[in-house]
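Peer 1: Contents of model_37.cif (mmCIF, C-alpha atoms) are given next:
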data_target
loop_
_atom_site.label_atom_id
_atom_site.label_comp_id
_atom_site.auth_asym_id
_atom_site.auth_seq_id
_atom_site.Cartn_x
_atom_site.Cartn_y
_atom_site.Cartn_z
CA GLU Y 968 -9.56 18.13 17.82
CA GLU Y 969 -11.02 16.65 21.00
CA SER Y 970 -11.29 13.28 19.27
CA PHE Y 971 -7.53 12.99 18.80
CA THR Y 972 -4.70 12.24 21.19
CA PHE Y 973 -1.86 14.25 19.71
CA ASP Y 974 1.88 14.51 20.30
CA ALA Y 975 2.72 18.12 19.49
CA GLN Y 976 6.47 17.51 19.68
CA THR Y 977 6.44 15.08 16.77
CA GLY Y 978 3.24 16.12 15.02
CA THR Y 979 1.82 12.64 15.49
CA VAL Y 980 -1.82 11.61 15.86
CA VAL Y 981 -1.38 9.05 18.60
CA ARG Y 982 -4.99 7.86 18.84
CA TYR Y 983 -8.40 8.60 17.38
CA LYS Y 984 -10.99 8.32 20.18
CA GLY Y 985 -14.17 9.23 18.33
CA MET Y 986 -17.04 7.29 16.78
CA ASP Y 987 -17.76 9.41 13.70
CA PRO Y 988 -18.24 7.40 10.50
CA TYR Y 989 -16.43 10.04 8.39
CA VAL Y 990 -13.20 11.43 9.85
CA VAL Y 991 -11.31 14.39 8.43
CA VAL Y 992 -7.96 14.74 10.16
CA PRO Y 993 -7.17 18.48 10.38
CA GLU Y 994 -3.96 19.96 8.96
CA THR Y 995 -3.04 21.30 12.39
CA ILE Y 996 -3.87 20.27 15.94
CA GLU Y 997 -3.03 22.59 18.81
CA GLY Y 998 -1.45 24.85 16.22
CA VAL Y 999 1.03 22.13 15.12
CA ARG Y 1000 1.04 20.59 11.64
CA VAL Y 1001 0.07 16.91 11.53
CA ARG Y 1002 2.99 14.92 10.09
CA GLU Y 1003 2.32 11.33 11.14
CA ILE Y 1004 -0.55 8.97 11.84
CA GLY Y 1005 0.90 7.05 14.76
CA ASP Y 1006 1.25 3.32 15.33
CA GLY Y 1007 -2.20 1.83 15.95
CA ALA Y 1008 -3.91 5.24 15.87
CA PHE Y 1009 -7.17 3.94 14.34
CA ARG Y 1010 -6.61 0.20 14.86
CA SER Y 1011 -9.75 -1.92 15.22
CA ASN Y 1012 -12.11 1.08 15.11
CA ILE Y 1013 -15.54 -0.31 14.19
CA TYR Y 1014 -17.30 2.97 13.45
CA VAL Y 1015 -15.22 4.73 10.78
CA TYR Y 1016 -15.89 4.01 7.10
CA ARG Y 1017 -14.04 6.95 5.55
CA VAL Y 1018 -10.87 8.87 6.49
CA ASP Y 1019 -9.33 11.92 4.80
CA LEU Y 1020 -5.77 12.82 5.74
CA PRO Y 1021 -4.35 16.32 5.23
CA ASP Y 1022 -1.44 17.47 3.10
CA GLY Y 1023 1.74 17.36 5.14
CA VAL Y 1024 1.32 13.83 6.53
CA GLU Y 1025 4.50 11.93 5.68
CA ARG Y 1026 4.16 8.61 7.49
CA ILE Y 1027 1.37 6.13 8.16
CA GLY Y 1028 2.49 4.23 11.26
CA GLU Y 1029 2.56 0.52 12.00
CA SER Y 1030 -0.94 -0.96 12.28
CA ALA Y 1031 -2.39 2.55 12.00
CA PHE Y 1032 -5.60 1.32 10.32
CA GLU Y 1033 -5.28 -2.40 11.00
CA GLN Y 1034 -8.48 -4.45 11.24
CA MET Y 1035 -10.83 -1.54 10.54
CA ASN Y 1036 -13.42 -3.79 8.99
CA CYS Y 1037 -15.81 -0.96 8.08
CA LEU Y 1038 -13.23 1.27 6.38
CA SER Y 1039 -14.11 1.55 2.69
CA SER Y 1040 -12.41 4.78 1.59
CA ILE Y 1041 -9.28 6.65 2.59
CA TYR Y 1042 -7.55 9.64 1.06
CA LEU Y 1043 -3.77 9.67 1.42
CA PRO Y 1044 -2.15 12.97 0.41
CA ASP Y 1045 0.75 13.05 -2.02
CA THR Y 1046 3.08 14.00 0.84
CA VAL Y 1047 2.97 10.48 2.34
CA LYS Y 1048 6.37 8.81 1.93
CA ILE Y 1049 6.06 5.78 4.20
CA ILE Y 1050 3.22 3.29 4.68
CA ASP Y 1051 4.61 1.26 7.54
CA ASN Y 1052 4.24 -2.40 8.48
CA ARG Y 1053 0.66 -3.71 8.79
CA ALA Y 1054 -0.70 -0.18 8.27
CA PHE Y 1055 -3.85 -1.43 6.49
CA TYR Y 1056 -3.73 -5.08 7.50
CA GLY Y 1057 -7.04 -6.90 7.21
CA ILE Y 1058 -9.39 -4.27 5.75
CA PHE Y 1059 -12.19 -6.32 4.23
CA GLN Y 1060 -14.46 -3.69 2.68
CA GLY Y 1061 -14.17 -2.46 -0.91
CA SER Y 1062 -11.39 -0.05 -0.04
CA HIS Y 1063 -10.37 2.71 -2.45
CA PHE Y 1064 -6.99 4.36 -2.09
CA HIS Y 1065 -5.38 7.49 -3.46
CA TRP Y 1066 -1.78 6.37 -3.93
CA PRO Y 1067 0.58 9.19 -2.89
CA ALA Y 1068 2.81 10.63 -5.61
CA GLN Y 1069 5.80 10.83 -3.22
CA LEU Y 1070 5.42 7.34 -1.73
CA GLU Y 1071 8.80 5.66 -1.14
CA ILE Y 1072 8.22 2.66 1.13
CA ILE Y 1073 5.41 0.14 1.56
CA GLY Y 1074 6.15 -1.89 4.69
CA GLU Y 1075 5.77 -5.57 5.51
CA ASN Y 1076 2.17 -6.85 5.58
CA ALA Y 1077 1.02 -3.30 4.87
CA PHE Y 1078 -1.98 -4.42 2.79
CA TYR Y 1079 -2.13 -8.08 3.81
CA ASN Y 1080 -5.61 -9.51 3.25
CA THR Y 1081 -7.06 -6.17 2.16
CA TYR Y 1082 -9.84 -5.64 -0.35
CA ILE Y 1083 -8.41 -3.21 -2.91
CA THR Y 1084 -10.28 -3.35 -6.20
CA ASP Y 1085 -9.05 -0.26 -8.04
CA PRO Y 1086 -6.01 -0.53 -10.37
CA VAL Y 1087 -2.85 0.48 -8.52
CA VAL Y 1088 -0.34 2.81 -10.17
CA MET Y 1089 2.80 2.76 -8.05
CA PRO Y 1090 4.53 6.15 -8.29
CA ALA Y 1091 8.01 6.57 -9.74
CA SER Y 1092 9.26 7.54 -6.26
CA LEU Y 1093 8.53 4.07 -4.81
CA ARG Y 1094 11.72 2.27 -3.69
CA SER Y 1095 10.57 -0.72 -1.67
CA ILE Y 1096 7.62 -3.11 -1.32
CA GLY Y 1097 8.01 -5.11 1.88
CA ALA Y 1098 7.59 -8.80 2.54
CA GLU Y 1099 3.97 -10.01 2.28
CA ALA Y 1100 2.89 -6.42 1.59
CA PHE Y 1101 -0.05 -7.49 -0.59
CA ARG Y 1102 -0.28 -11.16 0.34
CA ASN Y 1103 -3.84 -12.57 0.22
CA SER Y 1104 -5.12 -9.18 -0.95
CA PHE Y 1105 -7.74 -8.60 -3.64
CA ILE Y 1106 -5.43 -6.29 -5.59
CA SER Y 1107 -5.89 -7.03 -9.30
CA LYS Y 1108 -3.89 -4.66 -11.52
CA VAL Y 1109 -0.52 -3.08 -10.73
CA TYR Y 1110 1.54 -0.64 -12.77
CA LEU Y 1111 5.13 -0.08 -11.62
CA GLU Y 1112 6.27 3.30 -12.88
CA GLY Y 1113 9.87 3.62 -11.72
CA THR Y 1114 13.00 2.03 -10.30
CA ILE Y 1115 12.05 -0.13 -7.32
CA GLU Y 1116 14.99 -1.34 -5.27
CA THR Y 1117 13.28 -4.25 -3.53
CA ILE Y 1118 10.16 -6.39 -3.68
CA GLY Y 1119 10.15 -8.59 -0.58
CA ASP Y 1120 9.41 -12.24 0.10
CA HIS Y 1121 5.85 -13.31 -0.73
CA ALA Y 1122 4.91 -9.68 -1.46
CA PHE Y 1123 2.03 -10.64 -3.79
CA GLU Y 1124 1.67 -14.31 -2.85
CA LYS Y 1125 -1.86 -15.71 -3.12
CA SER Y 1126 -3.21 -12.30 -4.07
CA HIS Y 1127 -5.83 -11.79 -6.77
CA LEU Y 1128 -3.28 -10.11 -9.00
CA SER Y 1129 -4.31 -10.55 -12.63
CA TYR Y 1130 -2.16 -8.00 -14.48
CA MET Y 1131 1.18 -6.27 -13.91
CA GLN Y 1132 3.16 -3.86 -16.01
CA LEU Y 1133 6.72 -2.69 -15.52
CA ASN Y 1134 7.47 0.42 -17.52
CA ALA Y 1135 10.40 0.63 -19.92
CA TYR Y 1136 12.67 2.14 -17.26
CA ALA Y 1137 11.80 -0.24 -14.44
CA PHE Y 1138 14.69 -2.02 -12.74
CA ILE Y 1139 14.42 -4.15 -9.61
CA PRO Y 1140 17.85 -5.12 -8.26
CA GLY Y 1141 16.45 -6.72 -5.08
CA ILE Y 1142 13.42 -8.76 -6.05
CA SER Y 1143 12.56 -11.88 -4.04
CA SER Y 1144 12.20 -15.15 -5.90
CA THR Y 1145 8.99 -15.78 -3.92
CA ALA Y 1146 7.41 -12.36 -4.50
CA PHE Y 1147 4.67 -13.66 -6.81
CA GLU Y 1148 4.21 -17.26 -5.69
CA GLY Y 1149 0.68 -18.58 -5.83
CA ALA Y 1150 -0.92 -15.62 -7.65
CA ALA Y 1151 -3.39 -18.00 -9.28
CA SER Y 1152 -5.58 -15.32 -10.90
CA PHE Y 1153 -2.77 -13.95 -13.04
CA GLN Y 1154 -3.57 -13.46 -16.73
CA ASP Y 1155 -1.17 -10.96 -18.31
CA LEU Y 1156 2.30 -9.52 -17.71
CA ASP Y 1157 4.10 -6.71 -19.54
CA LEU Y 1158 7.87 -6.57 -19.08
CA PRO Y 1159 10.50 -4.31 -20.65
CA TRP Y 1160 12.48 -6.05 -23.37
CA ASP Y 1161 15.73 -5.88 -21.36
CA THR Y 1162 14.33 -7.34 -18.12
CA THR Y 1163 17.03 -8.99 -15.99
CA GLN Y 1164 17.17 -12.72 -15.31
CA GLU Y 1165 16.54 -12.08 -11.61
CA VAL Y 1166 13.26 -10.32 -12.39
CA GLN Y 1167 12.25 -13.03 -14.86
CA TYR Y 1168 12.97 -15.70 -12.22
CA ALA Y 1169 10.76 -13.94 -9.70
CA PHE Y 1170 7.95 -14.03 -12.25
CA ARG Y 1171 8.68 -17.65 -13.15
CA ASP Y 1172 5.34 -19.05 -11.98
CA LEU Y 1173 3.45 -16.39 -13.90
CA LEU Y 1174 5.63 -16.73 -17.01
CA SER Y 1175 5.07 -20.49 -17.06
CA GLU Y 1176 1.35 -19.94 -17.57
CA GLN Y 1177 1.58 -17.57 -20.53
CA ALA Y 1178 4.12 -15.71 -22.63
CA PRO Y 1179 4.63 -12.16 -21.34
CA SER Y 1180 4.32 -9.10 -23.53
CA CYS Y 1181 7.65 -7.31 -24.01
CA TYR Y 1182 8.03 -3.80 -25.33
#
Show me, as structure tokens, the structure contained in the file I just sent.

Peer 2:
Amino acid sequence: EESFTFDAQTGTVVRYKGMDPYVVVPETIEGVRVREIGDGAFRSNIYVYRVDLPDGVERIGESAFEQMNCLSSIYLPDTVKIIDNRAFYGIFQGSHFHWPAQLEIIGENAFYNTYITDPVVMPASLRSIGAEAFRNSFISKVYLEGTIETIGDHAFEKSHLSYMQLNAYAFIPGISSTAFEGAASFQDLDLPWDTTQEVQYAFRDLLSEQAPSCY
């Protein structure tokens, strides 16, 4: 616990001060349950390559893990609901993520220029993907499981996205027309048969390259 600056009133890890390569954040600090990883808590740490977060954490703060160039693995518990703006901005190693089952919001630039190689299954609870959330990232396969309210401007622009699937119940009332611009690696797209014109327009650059599969 000595390695953490902790706000007991809010349950927030304010700063990690250690140099351990493998960090396990405890469930409680000073007898208080950890509920948030604060803004910039691990930002620019050059020593840590793996982080495990405990059950009960609900928010990953702005820039919490930004520019941690050695980070290659992180465990996010299913209790995480918010991954805030720039939370994982600029992680260049082969990062592997456990995507929380209760995740609701992915903030702006949250995974900008990150190296995520595993297929991403977005949980049914997810409501919003912020502007430029995965821009320039190495994300390759995405499965959208539920009703997402918004996908922001340039959310997947110039990413390495090669495949996306929207399940039969997916509906995106607030999808940006620029969400998928410049995703040059795209190869295949599965859309529900009753996909709205707004969604089809957002995928226009991808649809112009090949006919999508509809089911």

Peer 1: For stretch 978-1054 of chain Y against stretch 1077-1097 of chain Y, with a cut-off of 6 Å and counting only C-alpha atoms, what is the closest atom pair and its distance in Å to one decimal for every residue that makes the cut, ordered by chain and number, as JSON lines?

Peer 2:
{"residue": "Y:Asn1052", "atom": "CA", "partner": "Y:Ala1077", "partner_atom": "CA", "distance": 4.9}
{"residue": "Y:Arg1053", "atom": "CA", "partner": "Y:Ala1077", "partner_atom": "CA", "distance": 4.0}
{"residue": "Y:Ala1054", "atom": "CA", "partner": "Y:Ala1077", "partner_atom": "CA", "distance": 4.9}

Peer 1: Produce a file of the selected residues containing C-alpha atoms, as a PDB file, keeping the file's coordinate frame.

Peer 2:
ATOM      1  CA  ASN Y1052       4.240  -2.400   8.480  1.00  0.00           C
ATOM      2  CA  ARG Y1053       0.660  -3.710   8.790  1.00  0.00           C
ATOM      3  CA  ALA Y1054      -0.700  -0.180   8.270  1.00  0.00           C
TER       4      ALA Y1054
END

Peer 1: Please determine, counting only C-alpha atoms, which residue among Y:Thr979, Y:Pro993, Y:Ile1058, Y:Val999 has the shortest atom-to-atom distance to Y:Ile1013.

Peer 2: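 Smallest distance to Y:Ile1013 is found for Y:Ile1058.
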
Peer 1: Tell me which of Y:Ser970, Y:Gln1132, Y:Ser1144, Y:Ser1030 sits closest to Y:Glu1075, counting all atoms listed in the file.

Peer 2: Y:Ser1030

Peer 1: From the options Y:Ile1072, Y:Phe971, Y:Arg1010, Y:Val1018, which residue's atoms come nearest to Y:Thr995, counting only C-alpha atoms?

Peer 2: Y:Phe971

Peer 1: Just the number, please: distance in Å from atom CA of Y:Glu1099 to atom CA of Y:Trp1066, one decimal.

Peer 2: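 Atom-to-atom, atom CA of Y:Glu1099 to atom CA of Y:Trp1066, that is 18.4 Å.
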
Peer 1: From the set Y:Ile1115, Y:Ala1031, Y:Ile1004, Y:Ala975, which residue has the shortest atom-to-atom contact distance to Y:Pro1140, counting only C-alpha atoms?

Peer 2: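 Of the candidates, the smallest distance to Y:Pro1140 is held by Y:Ile1115.
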
Peer 1: Residues within 12 Å of Y:Ser1040, please, as a PDB file with C-alpha atoms, in the frame of the given file. Count all atoms listed in the file; anything in the same chain fewer than 2 positions from it doesn't count.

Peer 2:
ATOM      1  CA  PRO Y 988     -18.240   7.400  10.500  1.00  0.00           C
ATOM      2  CA  TYR Y 989     -16.430  10.040   8.390  1.00  0.00           C
ATOM      3  CA  VAL Y 990     -13.200  11.430   9.850  1.00  0.00           C
ATOM      4  CA  VAL Y 991     -11.310  14.390   8.430  1.00  0.00           C
ATOM      5  CA  VAL Y1015     -15.220   4.730  10.780  1.00  0.00           C
ATOM      6  CA  TYR Y1016     -15.890   4.010   7.100  1.00  0.00           C
ATOM      7  CA  ARG Y1017     -14.040   6.950   5.550  1.00  0.00           C
ATOM      8  CA  VAL Y1018     -10.870   8.870   6.490  1.00  0.00           C
ATOM      9  CA  ASP Y1019      -9.330  11.920   4.800  1.00  0.00           C
ATOM     10  CA  LEU Y1020      -5.770  12.820   5.740  1.00  0.00           C
ATOM     11  CA  PHE Y1032      -5.600   1.320  10.320  1.00  0.00           C
ATOM     12  CA  MET Y1035     -10.830  -1.540  10.540  1.00  0.00           C
ATOM     13  CA  ASN Y1036     -13.420  -3.790   8.990  1.00  0.00           C
ATOM     14  CA  CYS Y1037     -15.810  -0.960   8.080  1.00  0.00           C
ATOM     15  CA  LEU Y1038     -13.230   1.270   6.380  1.00  0.00           C
ATOM     16  CA  TYR Y1042      -7.550   9.640   1.060  1.00  0.00           C
ATOM     17  CA  LEU Y1043      -3.770   9.670   1.420  1.00  0.00           C
ATOM     18  CA  PHE Y1055      -3.850  -1.430   6.490  1.00  0.00           C
ATOM     19  CA  ILE Y1058      -9.390  -4.270   5.750  1.00  0.00           C
ATOM     20  CA  PHE Y1059     -12.190  -6.320   4.230  1.00  0.00           C
ATOM     21  CA  GLN Y1060     -14.460  -3.690   2.680  1.00  0.00           C
ATOM     22  CA  GLY Y1061     -14.170  -2.460  -0.910  1.00  0.00           C
ATOM     23  CA  SER Y1062     -11.390  -0.050  -0.040  1.00  0.00           C
ATOM     24  CA  HIS Y1063     -10.370   2.710  -2.450  1.00  0.00           C
ATOM     25  CA  PHE Y1064      -6.990   4.360  -2.090  1.00  0.00           C
ATOM     26  CA  HIS Y1065      -5.380   7.490  -3.460  1.00  0.00           C
ATOM     27  CA  TYR Y1082      -9.840  -5.640  -0.350  1.00  0.00           C
ATOM     28  CA  ILE Y1083      -8.410  -3.210  -2.910  1.00  0.00           C
ATOM     29  CA  THR Y1084     -10.280  -3.350  -6.200  1.00  0.00           C
ATOM     30  CA  ASP Y1085      -9.050  -0.260  -8.040  1.00  0.00           C
TER      31      ASP Y1085
END

Peer 1: One decimal, Å: what's the distance from atom CA of Y:His1121 over to atom CA of Y:Tyr1056, could you say?

Peer 2: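 Between atom CA of Y:His1121 and atom CA of Y:Tyr1056 the gap works out to 15.1 Å.
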
Peer 1: Would you mind reading off the distance between atom CA of Y:Ser1126 and atom CA of Y:Phe1105, one decimal, in Å?

Peer 2: 5.9 Å

Peer 1: Listing only residues of stretch 1117-1140 of chain Y within 12 Å of stretch 1100-1103 of chain Y, what is the closest atom pair and its distance in Å (to one decimal) for each, using all atoms listed in the file, sorted by chain and residue number ascending, as a Markdown table?

Peer 2:
| residue | atom | partner | partner_atom | distance |
| --- | --- | --- | --- | --- |
| Y:Thr1117 | CA | Y:Ala1100 | CA | 11.8 |
| Y:Ile1118 | CA | Y:Ala1100 | CA | 9.0 |
| Y:Gly1119 | CA | Y:Ala1100 | CA | 7.9 |
| Y:Asp1120 | CA | Y:Ala1100 | CA | 8.9 |
| Y:His1121 | CA | Y:Arg1102 | CA | 6.6 |
| Y:Ala1122 | CA | Y:Ala1100 | CA | 4.9 |
| Y:Phe1123 | CA | Y:Arg1102 | CA | 4.8 |
| Y:Glu1124 | CA | Y:Arg1102 | CA | 4.9 |
| Y:Lys1125 | CA | Y:Asn1103 | CA | 5.0 |
| Y:Ser1126 | CA | Y:Asn1103 | CA | 4.3 |
| Y:His1127 | CA | Y:Asn1103 | CA | 7.3 |
| Y:Leu1128 | CA | Y:Phe1101 | CA | 9.4 |

Peer 1: Under the rule that all atoms listed in the file are counted, which of Y:Val980, Y:Val1109, Y:Ile1041, Y:Met986 is the nearest residue to Y:Arg1026?

Peer 2: Y:Val980

Peer 1: I need every residue sitting at most 6 Å from the point (0.8, 6.1, 4.8) (coordinates as in the file, all atoms listed in the file considered), written as a short mmCIF file (atom, residue, chain, number, x, y, z; two decimals) with C-alpha atoms, in the coordinates of the input.

Peer 2:
data_model
loop_
_atom_site.label_atom_id
_atom_site.label_comp_id
_atom_site.auth_asym_id
_atom_site.auth_seq_id
_atom_site.Cartn_x
_atom_site.Cartn_y
_atom_site.Cartn_z
CA ARG Y 1026 4.16 8.61 7.49
CA ILE Y 1027 1.37 6.13 8.16
CA VAL Y 1047 2.97 10.48 2.34
CA ILE Y 1049 6.06 5.78 4.20
CA ILE Y 1050 3.22 3.29 4.68
#

Peer 1: Nearest to Y:Gly998: which of Y:Gly978, Y:Val1024, Y:Phe1147, Y:Ser1152 is it, counting only C-alpha atoms?

Peer 2: Y:Gly978

Peer 1: Need the shell around Y:Pro1067: protein/DNA/RNA residues with any atom at most 6 Å away, counting all atoms listed in the file. Skip same-chain ones fewer than 3 positions apart. Format as a list in words?

Peer 2: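 Final neighbour list, sorted by chain and number: Pro1044, Asp1045, Val1047 and Leu1070 of chain Y.
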